[in-house]
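J.: If it helps, the file is called input18.txt and holds compact mmCIF, C-alpha atoms:
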```txt
# COMPACT_ATOMS: atom_id res chain seq x y z
CA MET A 1068 57.01 56.74 -30.61
CA THR A 1069 54.31 55.41 -32.88
CA ARG A 1070 51.66 58.04 -32.64
CA PRO A 1071 48.98 58.72 -35.23
CA GLY A 1072 48.57 62.34 -36.20
CA ALA A 1073 50.13 63.85 -33.09
CA GLY A 1074 53.66 62.78 -33.78
CA ASN A 1075 56.01 60.29 -35.23
CA SER A 1076 58.91 59.64 -32.93
CA GLU A 1077 60.88 57.89 -35.63
CA SER A 1078 60.68 60.72 -38.11
CA SER A 1079 62.90 63.73 -37.96
CA GLY A 1080 59.85 65.96 -37.64
CA PRO A 1081 59.34 67.58 -34.25
CA HIS A 1082 56.36 67.33 -32.05
CA GLU A 1083 55.71 69.62 -28.01
CA LYS A 1084 54.19 67.55 -22.39
CA GLN A 1085 53.90 70.29 -18.65
CA PRO A 1086 56.51 69.94 -16.02
CA GLU A 1087 56.07 67.14 -13.58
CA ALA A 1088 52.46 67.34 -12.54
CA HIS A 1089 51.11 67.74 -9.04
CA VAL A 1090 47.84 65.91 -8.55
CA GLU A 1091 45.70 66.99 -5.61
CA PRO A 1092 44.36 64.19 -3.40
CA VAL A 1093 40.85 63.06 -4.21
CA GLY A 1094 39.62 64.33 -0.87
CA THR A 1095 40.57 67.87 -1.76
CA ALA A 1096 38.61 67.75 -4.99
CA ALA A 1097 35.60 66.30 -3.17
CA GLN A 1098 35.67 69.08 -0.56
CA ALA A 1099 35.81 71.71 -3.28
CA ALA A 1100 32.87 70.14 -5.08
CA THR A 1101 30.67 70.06 -1.97
CA SER A 1102 31.50 73.54 -0.66
CA GLY A 1103 28.79 76.14 -1.36
CA GLY A 1104 28.30 79.86 -1.62
CA PRO A 1105 28.75 82.38 -4.42
CA SER A 1106 32.39 83.05 -3.52
CA ASP A 1107 33.22 79.35 -3.78
CA GLN A 1108 31.53 79.14 -7.15
CA GLN A 1109 33.38 82.22 -8.37
CA GLY A 1110 36.69 80.77 -7.16
CA ARG A 1111 36.03 77.46 -8.83
CA GLY A 1112 35.05 79.25 -12.04
CA GLY A 1113 38.27 81.24 -11.98
CA ARG A 1114 40.36 78.14 -11.39
CA PHE A 1115 38.49 76.34 -14.17
CA ARG A 1116 39.16 79.14 -16.64
CA ARG A 1117 42.84 79.32 -15.69
CA GLY A 1118 43.12 75.52 -15.90
CA SER A 1119 41.42 75.47 -19.30
CA LEU A 1120 43.75 78.12 -20.68
CA ALA A 1121 46.79 76.27 -19.31
CA ALA A 1122 45.59 73.01 -20.87
CA ILE A 1123 45.04 74.68 -24.24
CA SER A 1124 48.41 76.42 -24.22
CA SER A 1125 50.26 73.19 -23.37
CA ASP A 1126 48.45 71.05 -25.95
CA PRO A 1127 51.13 69.71 -28.35
CA ARG A 1128 48.80 70.27 -31.31
CA LEU A 1129 48.73 74.05 -30.72
CA PRO A 1130 52.01 74.85 -32.60
CA VAL A 1131 50.67 72.98 -35.65
CA TRP A 1132 47.57 75.17 -35.77
CA GLU A 1133 49.59 78.33 -35.05
CA ARG A 1134 51.79 77.50 -38.05
CA ARG A 1135 48.76 76.76 -40.23
CA VAL A 1136 47.01 80.02 -39.29
CA ALA A 1137 50.21 81.99 -39.94
CA ILE A 1138 50.60 80.44 -43.41
CA ALA A 1139 46.97 81.19 -44.25
CA LEU A 1140 47.22 84.80 -43.03
CA VAL A 1141 50.43 85.56 -44.91
CA ALA A 1142 49.10 84.07 -48.15
CA GLY A 1143 45.69 85.71 -47.77
CA ILE A 1144 47.01 89.19 -46.95
CA ALA A 1145 49.54 89.14 -49.78
CA VAL A 1146 46.91 88.19 -52.36
CA THR A 1147 44.34 90.62 -50.91
CA PHE A 1148 46.59 93.60 -51.60
CA ILE A 1149 46.88 92.57 -55.25
CA PHE A 1150 43.54 90.99 -56.21
CA GLY A 1151 41.07 91.92 -53.45
CA TRP A 1152 39.71 90.39 -50.28
CA ARG A 1153 37.49 87.72 -51.89
CA ILE A 1154 40.40 86.10 -53.70
CA GLY A 1155 42.58 86.65 -50.61
CA ILE A 1156 40.20 84.62 -48.43
CA THR A 1157 40.07 81.85 -51.04
CA VAL A 1158 43.87 81.67 -51.21
CA ALA A 1159 44.14 81.64 -47.39
CA VAL A 1160 41.76 78.66 -47.16
CA LEU A 1161 43.61 76.83 -49.95
CA ALA A 1162 46.96 77.48 -48.21
CA ALA A 1163 45.65 75.99 -44.95
CA ILE A 1164 44.32 72.94 -46.81
CA ALA A 1165 47.62 72.48 -48.64
CA ASP A 1166 49.55 72.62 -45.35
CA THR A 1167 47.24 70.01 -43.81
CA ILE A 1168 47.75 67.66 -46.78
CA GLN A 1169 51.52 68.20 -46.77
CA ARG A 1170 51.83 67.39 -43.05
CA SER A 1171 49.65 64.31 -43.43
CA ARG A 1172 51.84 62.99 -46.24
CA SER A 1173 55.09 63.71 -44.40
CA SER A 1174 53.90 62.00 -41.20
CA ALA A 1175 53.02 58.89 -43.20
CA ALA A 1176 56.25 58.89 -45.17
CA THR A 1177 58.18 56.69 -42.75
CA PRO A 1178 57.63 53.00 -43.54
CA PRO A 1179 55.78 51.15 -40.73
CA ALA A 1180 58.63 48.65 -40.40
CA ARG A 1181 61.05 51.46 -39.51
CA ARG A 1182 58.59 53.52 -37.48
CA GLY A 1183 58.72 51.15 -34.52
CA SER A 1184 62.40 50.13 -34.60
CA ALA A 1185 63.49 52.54 -31.86
CA GLN A 1186 60.58 51.50 -29.65
CA ARG A 1187 61.35 47.81 -30.09
CA LYS A 1188 65.00 48.36 -29.22
CA THR A 1189 64.06 50.25 -26.06
CA GLU A 1190 61.57 47.53 -25.11
CA ARG A 1191 64.39 44.98 -25.18
CA LYS A 1192 66.54 47.18 -22.94
CA LEU A 1193 63.69 47.68 -20.46
CA HIS A 1194 62.83 43.99 -20.46
CA LYS A 1195 66.26 43.26 -18.99
CA LEU A 1196 65.48 45.63 -16.10
CA ALA A 1197 62.38 43.68 -15.06
CA ARG A 1198 64.52 41.42 -12.88
CA VAL A 1199 65.56 44.42 -10.77
CA GLY A 1200 62.04 45.74 -10.27
CA TYR A 1201 61.27 47.94 -13.30
CA LEU A 1202 57.77 47.47 -14.70
CA THR A 1203 57.03 48.71 -18.21
CA LEU A 1204 53.89 49.52 -20.17
CA ASN A 1205 54.60 50.01 -23.88
CA GLU A 1206 52.58 51.97 -26.45
CA ARG A 1207 50.03 53.49 -24.07
CA ALA A 1208 47.46 55.94 -25.42
CA ILE A 1209 46.48 59.14 -23.61
CA PRO A 1210 42.66 59.34 -23.58
CA GLY A 1211 41.23 62.34 -25.38
CA SER A 1212 44.27 62.82 -27.60
CA ASP A 1213 46.22 61.17 -30.42
CA ASN A 1214 49.37 61.00 -28.29
CA ILE A 1215 51.13 57.78 -27.39
CA ILE A 1216 53.58 57.23 -24.55
CA ASP A 1217 56.16 54.85 -25.96
CA HIS A 1218 57.20 53.44 -22.58
CA LEU A 1219 55.69 54.14 -19.15
CA VAL A 1220 58.30 52.79 -16.73
CA VAL A 1221 57.75 52.32 -12.98
CA GLY A 1222 60.59 51.13 -10.79
CA PRO A 1223 62.71 51.63 -7.68
CA THR A 1224 63.85 55.09 -8.84
CA GLY A 1225 60.47 56.51 -9.85
CA VAL A 1226 58.07 56.79 -12.79
CA TYR A 1227 59.13 57.76 -16.32
CA ALA A 1228 57.36 58.54 -19.59
CA ILE A 1229 60.00 57.67 -22.19
CA ASP A 1230 59.80 58.55 -25.86
CA SER A 1231 62.13 56.59 -28.14
CA GLU A 1232 63.49 58.57 -31.09
CA ARG A 1233 65.64 57.61 -34.07
CA TRP A 1234 67.26 60.69 -35.58
CA ASP A 1235 69.60 61.16 -38.51
CA LYS A 1236 73.08 60.37 -37.19
CA ARG A 1237 74.69 62.72 -39.72
CA MET A 1238 73.36 65.81 -37.91
CA PRO A 1239 74.54 66.81 -34.41
CA VAL A 1240 72.26 67.24 -31.42
CA ARG A 1241 72.88 70.52 -29.62
CA VAL A 1242 71.40 72.85 -27.02
CA PRO A 1243 72.51 76.44 -27.64
CA GLY A 1244 72.57 79.32 -25.18
CA SER A 1245 70.25 79.04 -22.18
CA LYS A 1246 69.60 75.30 -22.63
CA GLN A 1247 65.91 75.99 -23.29
CA GLN A 1248 65.94 74.76 -26.89
CA LEU A 1249 66.89 71.41 -28.41
CA PHE A 1250 68.22 71.30 -31.98
CA HIS A 1251 68.97 68.44 -34.35
CA GLY A 1252 71.24 70.00 -36.92
CA PRO A 1253 69.49 73.21 -38.02
CA PHE A 1254 66.05 71.96 -36.93
CA SER A 1255 64.43 72.96 -33.64
CA ARG A 1256 62.91 70.12 -31.60
CA LYS A 1257 60.86 72.44 -29.42
CA GLU A 1258 57.60 70.68 -30.31
CA ARG A 1259 59.01 67.28 -29.36
CA VAL A 1260 60.21 68.58 -25.99
CA THR A 1261 56.86 70.21 -25.25
CA GLU A 1262 54.99 67.09 -26.33
CA ALA A 1263 57.10 64.87 -24.08
CA ARG A 1264 56.46 67.18 -21.12
CA TRP A 1265 52.72 67.31 -21.81
CA GLU A 1266 52.39 63.54 -22.07
CA ALA A 1267 54.18 63.00 -18.76
CA ALA A 1268 52.00 65.61 -17.05
CA ARG A 1269 48.81 64.00 -18.35
CA ALA A 1270 49.99 60.56 -17.28
CA ALA A 1271 50.75 61.92 -13.80
CA GLU A 1272 47.32 63.54 -13.62
CA LEU A 1273 45.47 60.41 -14.71
CA ILE A 1274 47.43 57.98 -12.55
CA GLY A 1275 47.35 60.30 -9.53
CA GLY A 1276 43.61 60.79 -9.94
CA ALA A 1277 43.06 57.03 -9.97
CA LEU A 1278 45.17 56.54 -6.84
CA GLY A 1279 44.03 59.66 -5.00
CA GLU A 1280 47.58 60.84 -4.42
CA GLN A 1281 50.36 62.81 -6.08
CA VAL A 1282 52.34 60.91 -8.71
CA ASP A 1283 55.39 62.41 -10.40
CA VAL A 1284 56.17 61.21 -13.92
CA ARG A 1285 59.55 62.14 -15.39
CA PRO A 1286 59.47 63.02 -19.13
CA THR A 1287 62.40 61.56 -21.05
CA ILE A 1288 63.48 61.54 -24.70
CA ALA A 1289 65.84 58.67 -25.55
CA ILE A 1290 67.64 59.27 -28.87
CA TYR A 1291 69.21 56.71 -31.22
CA GLY A 1292 71.46 57.72 -34.09
CA PRO A 1293 73.50 60.90 -33.55
CA LYS A 1294 76.19 61.18 -30.90
CA ILE A 1295 74.81 62.80 -27.75
CA PRO A 1296 77.49 65.04 -26.18
CA TRP A 1297 76.25 64.65 -22.58
CA HIS A 1298 75.12 61.97 -20.12
CA VAL A 1299 71.79 63.59 -19.23
CA LEU A 1300 70.69 67.08 -20.20
CA THR A 1301 67.42 68.56 -18.96
CA VAL A 1302 65.74 70.84 -21.48
CA ARG A 1303 62.61 72.58 -20.17
CA ASN A 1304 62.15 69.86 -17.51
CA VAL A 1305 62.57 67.04 -20.04
CA ASP A 1306 65.57 64.71 -19.76
CA VAL A 1307 67.31 64.16 -23.10
CA ILE A 1308 69.62 61.14 -23.18
CA ASP A 1309 71.51 58.75 -25.42
CA ALA A 1310 69.14 55.78 -25.70
CA ASN A 1311 72.10 53.40 -25.32
CA GLN A 1312 72.57 54.79 -21.80
CA LEU A 1313 68.94 54.22 -20.82
CA ARG A 1314 69.50 51.54 -18.18
CA LYS A 1315 72.25 53.56 -16.53
CA TYR A 1316 70.00 56.64 -16.59
CA LEU A 1317 67.15 54.84 -14.83
CA ARG A 1318 69.28 53.15 -12.19
CA ARG A 1319 71.22 56.32 -11.32
CA SER A 1320 68.29 58.73 -11.25
CA LEU A 1321 68.00 58.78 -7.47
CA LYS A 1322 71.68 59.62 -7.02
CA ALA A 1323 71.26 62.47 -9.50
CA GLY A 1324 68.20 63.78 -7.67
CA ARG A 1325 65.82 63.09 -10.52
CA GLY A 1326 63.60 60.30 -9.24
CA ARG A 1327 61.61 59.25 -6.20
CA GLN A 1328 62.33 56.04 -4.35
CA LEU A 1329 59.51 53.51 -4.62
CA THR A 1330 59.01 50.23 -2.81
CA PRO A 1331 57.98 47.18 -4.88
CA ALA A 1332 54.44 47.52 -3.52
CA GLN A 1333 54.25 51.21 -4.48
CA ALA A 1334 55.62 50.50 -7.94
CA MET A 1335 53.05 47.77 -8.48
CA ARG A 1336 50.17 50.04 -7.40
CA ILE A 1337 51.26 52.76 -9.80
CA HIS A 1338 51.82 50.25 -12.59
CA ASP A 1339 48.33 48.76 -12.14
CA ALA A 1340 46.68 52.20 -12.05
CA ALA A 1341 48.58 53.27 -15.17
CA SER A 1342 47.48 50.10 -16.94
CA ASN A 1343 43.85 51.06 -16.28
CA VAL A 1344 43.94 54.77 -17.18
CA LEU A 1345 46.37 54.57 -20.13
CA PRO A 1346 44.90 52.04 -22.60
CA ALA A 1347 47.12 49.94 -24.84
CA ARG A 1348 47.45 51.41 -28.33
CA PHE A 1349 47.77 48.04 -30.06
```
Is it possible to express this structure as C-alpha cells?

T.:
Amino acid sequence: MTRPGAGNSESSGPHEKQPEAHVEPVGTAAQAATSGGPSDQQGRGGRFRRGSLAAISSDPRLPVWERRVAIALVAGIAVTFIFGWRIGITVAVLAAIADTIQRSRSSAATPPARRGSAQRKTERKLHKLARVGYLTLNERAIPGSDNIIDHLVVGPTGVYAIDSERWDKRMPVRVPGSKQQLFHGPFSRKERVTEARWEAARAAELIGGALGEQVDVRPTIAIYGPKIPWHVLTVRNVDVIDANQLRKYLRRSLKAGRGRQLTPAQAMRIHDAASNVLPARF
C-alpha cells in the first residue's frame, strides 16, 4: 500500500480499519434529523458522543500518538527526578520530536521503485479477473485521512478492501494463542490489522452513504514474501492471505461464507459509487 504518513504497506513497519460496517439507509438519517423535542436532541447528542469516541479509538494514527506520549512521559519523568521539572519538560518535548523525526525517516526509507511492487503485482492478478466480473479501483484515498486503499475490488462474491504487503521472507508469519494478534517474526502487526479494518469500515460507510443502503466491505491483507501457513486466517475480522492465492480467495469467498453475492448491475453501482467517494491517489 503506498500511503503517505499513515502507512507503508511495503515496509516491514506495522500500521491499525472497524469490523465490516453497517450503514443506515439515508431515510433513517433524514428522519432522525427532522425529529424534534429535547429527548430526541439528547439522544442524538449521546449517539454523536459515542460515535465520536468510537471513531477516535479506531483511528489508525492513535497507536502512533500513544507511543509518542509514552516515550515523552518516560523520558520527562526520569529526568525530572534527577534535574527538576523544567528540564524534565524540555527533555519530554525533545523526545517526542526525536520520535517524530525517526518515524518520518523510517517511513521514507523504502525506495519508491520498491514501494509499489506488491501493489503492481496484485493489480496484474486482479486485471485477469475482470473477464469474470471483478471490478477494481487501485490506490484510492480515504477523504479526511492519509490512508490509501491499495485495491477496492467489487465482484460476484462481494466487496473487498485489499492491502498488498511485501514482508521479509526470512521471518515467519504467525498468529499465537487466541488468533487475535498477527506477528511477522518477533514484530507485532497489530497496527496493520487495525488499519486494514478501519479503512474497510470507512469505505463501507462512504459507499453506503452514497447509495443509501448497507454495503459490506471485507478487509483483506495479501502478503508477498514469507510462507503463509494457512489458506485464509481471519485476525480481528481481517482476512490474512498469501497474495499468490488472491484469485482463489476471491472466487471462493461465497462458499466459505465470507462474501455477499452481487449481480453485475449491483457490482457496477457499488463500483461507480466507490469511484466517486474514494478519489484516486495518483

J.: Could you tell me how far CA of Gln1186 (chain A) lies from CA of Leu1202 (chain A), in Å and to one decimal?

T.: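 A separation of 15.7 Å between them.
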
J.: Name the closest residue to Thr1203 (chain A) among the candidates A:Asp1217, A:Glu1280, A:Glu1258, A:Asp1166; distances are taken between atoms, counting only C-alpha atoms.

T.: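 Among A:Asp1217, A:Glu1280, A:Glu1258, A:Asp1166, it is A:Asp1217 that comes nearest to Thr1203 (chain A).
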
J.: Could you tell me which of A:Pro1346, A:Gly1326, A:Gly1292, A:Gly1151 comes closest to Lys1236 (chain A) if we count all atoms listed in the file?

T.: A:Gly1292

J.: Could you check which of A:Arg1153, A:Arg1303, A:Lys1257, A:His1298 is closest to Ala1323 (chain A), using only C-alpha atoms?

T.: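 Under the stated criterion, the closest residue is A:His1298.
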
J.: Excluding Pro1293 (chain A) and residues on its chain fewer than 5 positions from it, collect all residues at most 9 Å away from it, counting all atoms listed in the file, and give them as a PyMOL selection string.

T.: chain A and resi 1233-1240+1251+1309

J.: Have a look at CA of Val1299 (chain A) and CA of Tyr1227 (chain A) and let me know their distance in Å, one decimal.

T.: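 According to the coordinates, CA of Val1299 (chain A) and CA of Tyr1227 (chain A) are separated by 14.2 Å.
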
J.: Each residue of region 1304-1349 of chain A lying at most 10 Å from region 1281-1286 of chain A should get a row with its shortest atom-to-atom pair and the distance in Å to one decimal, counting all atoms listed in the file; could you produce that, ordered by chain and increasing number, as a Markdown table?

T.:
```
| residue | atom | partner | partner_atom | distance |
| --- | --- | --- | --- | --- |
| A:Asn1304 | CA | A:Pro1286 | CA | 7.5 |
| A:Val1305 | CA | A:Pro1286 | CA | 5.2 |
| A:Asp1306 | CA | A:Pro1286 | CA | 6.4 |
| A:Val1307 | CA | A:Pro1286 | CA | 8.9 |
| A:Arg1325 | CA | A:Arg1285 | CA | 8.0 |
| A:Gly1326 | CA | A:Arg1285 | CA | 7.6 |
| A:Arg1327 | CA | A:Asp1283 | CA | 8.1 |
| A:Ile1337 | CA | A:Val1282 | CA | 8.3 |
```

J.: CA of Val1158 (chain A) to CA of Val1146 (chain A): how many Å, to one decimal?

T.: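 Interatomic distance here is 7.3 Å.
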
J.: Which of these, A:Ser1255, A:Thr1157, A:Thr1189, A:Thr1330, has the shortest distance to Ser1231 (chain A) once you count only C-alpha atoms?

T.: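 Selected residue with least distance to Ser1231 (chain A): A:Thr1189.
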
J.: Return the single residue from A:Leu1204, A:Leu1249, A:Ile1149, A:Ala1185 that is closest to Ala1310 (chain A), with distances computed using only C-alpha atoms.

T.: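 Ranking A:Leu1204, A:Leu1249, A:Ile1149, A:Ala1185 by distance to Ala1310 (chain A), first place goes to A:Ala1185.
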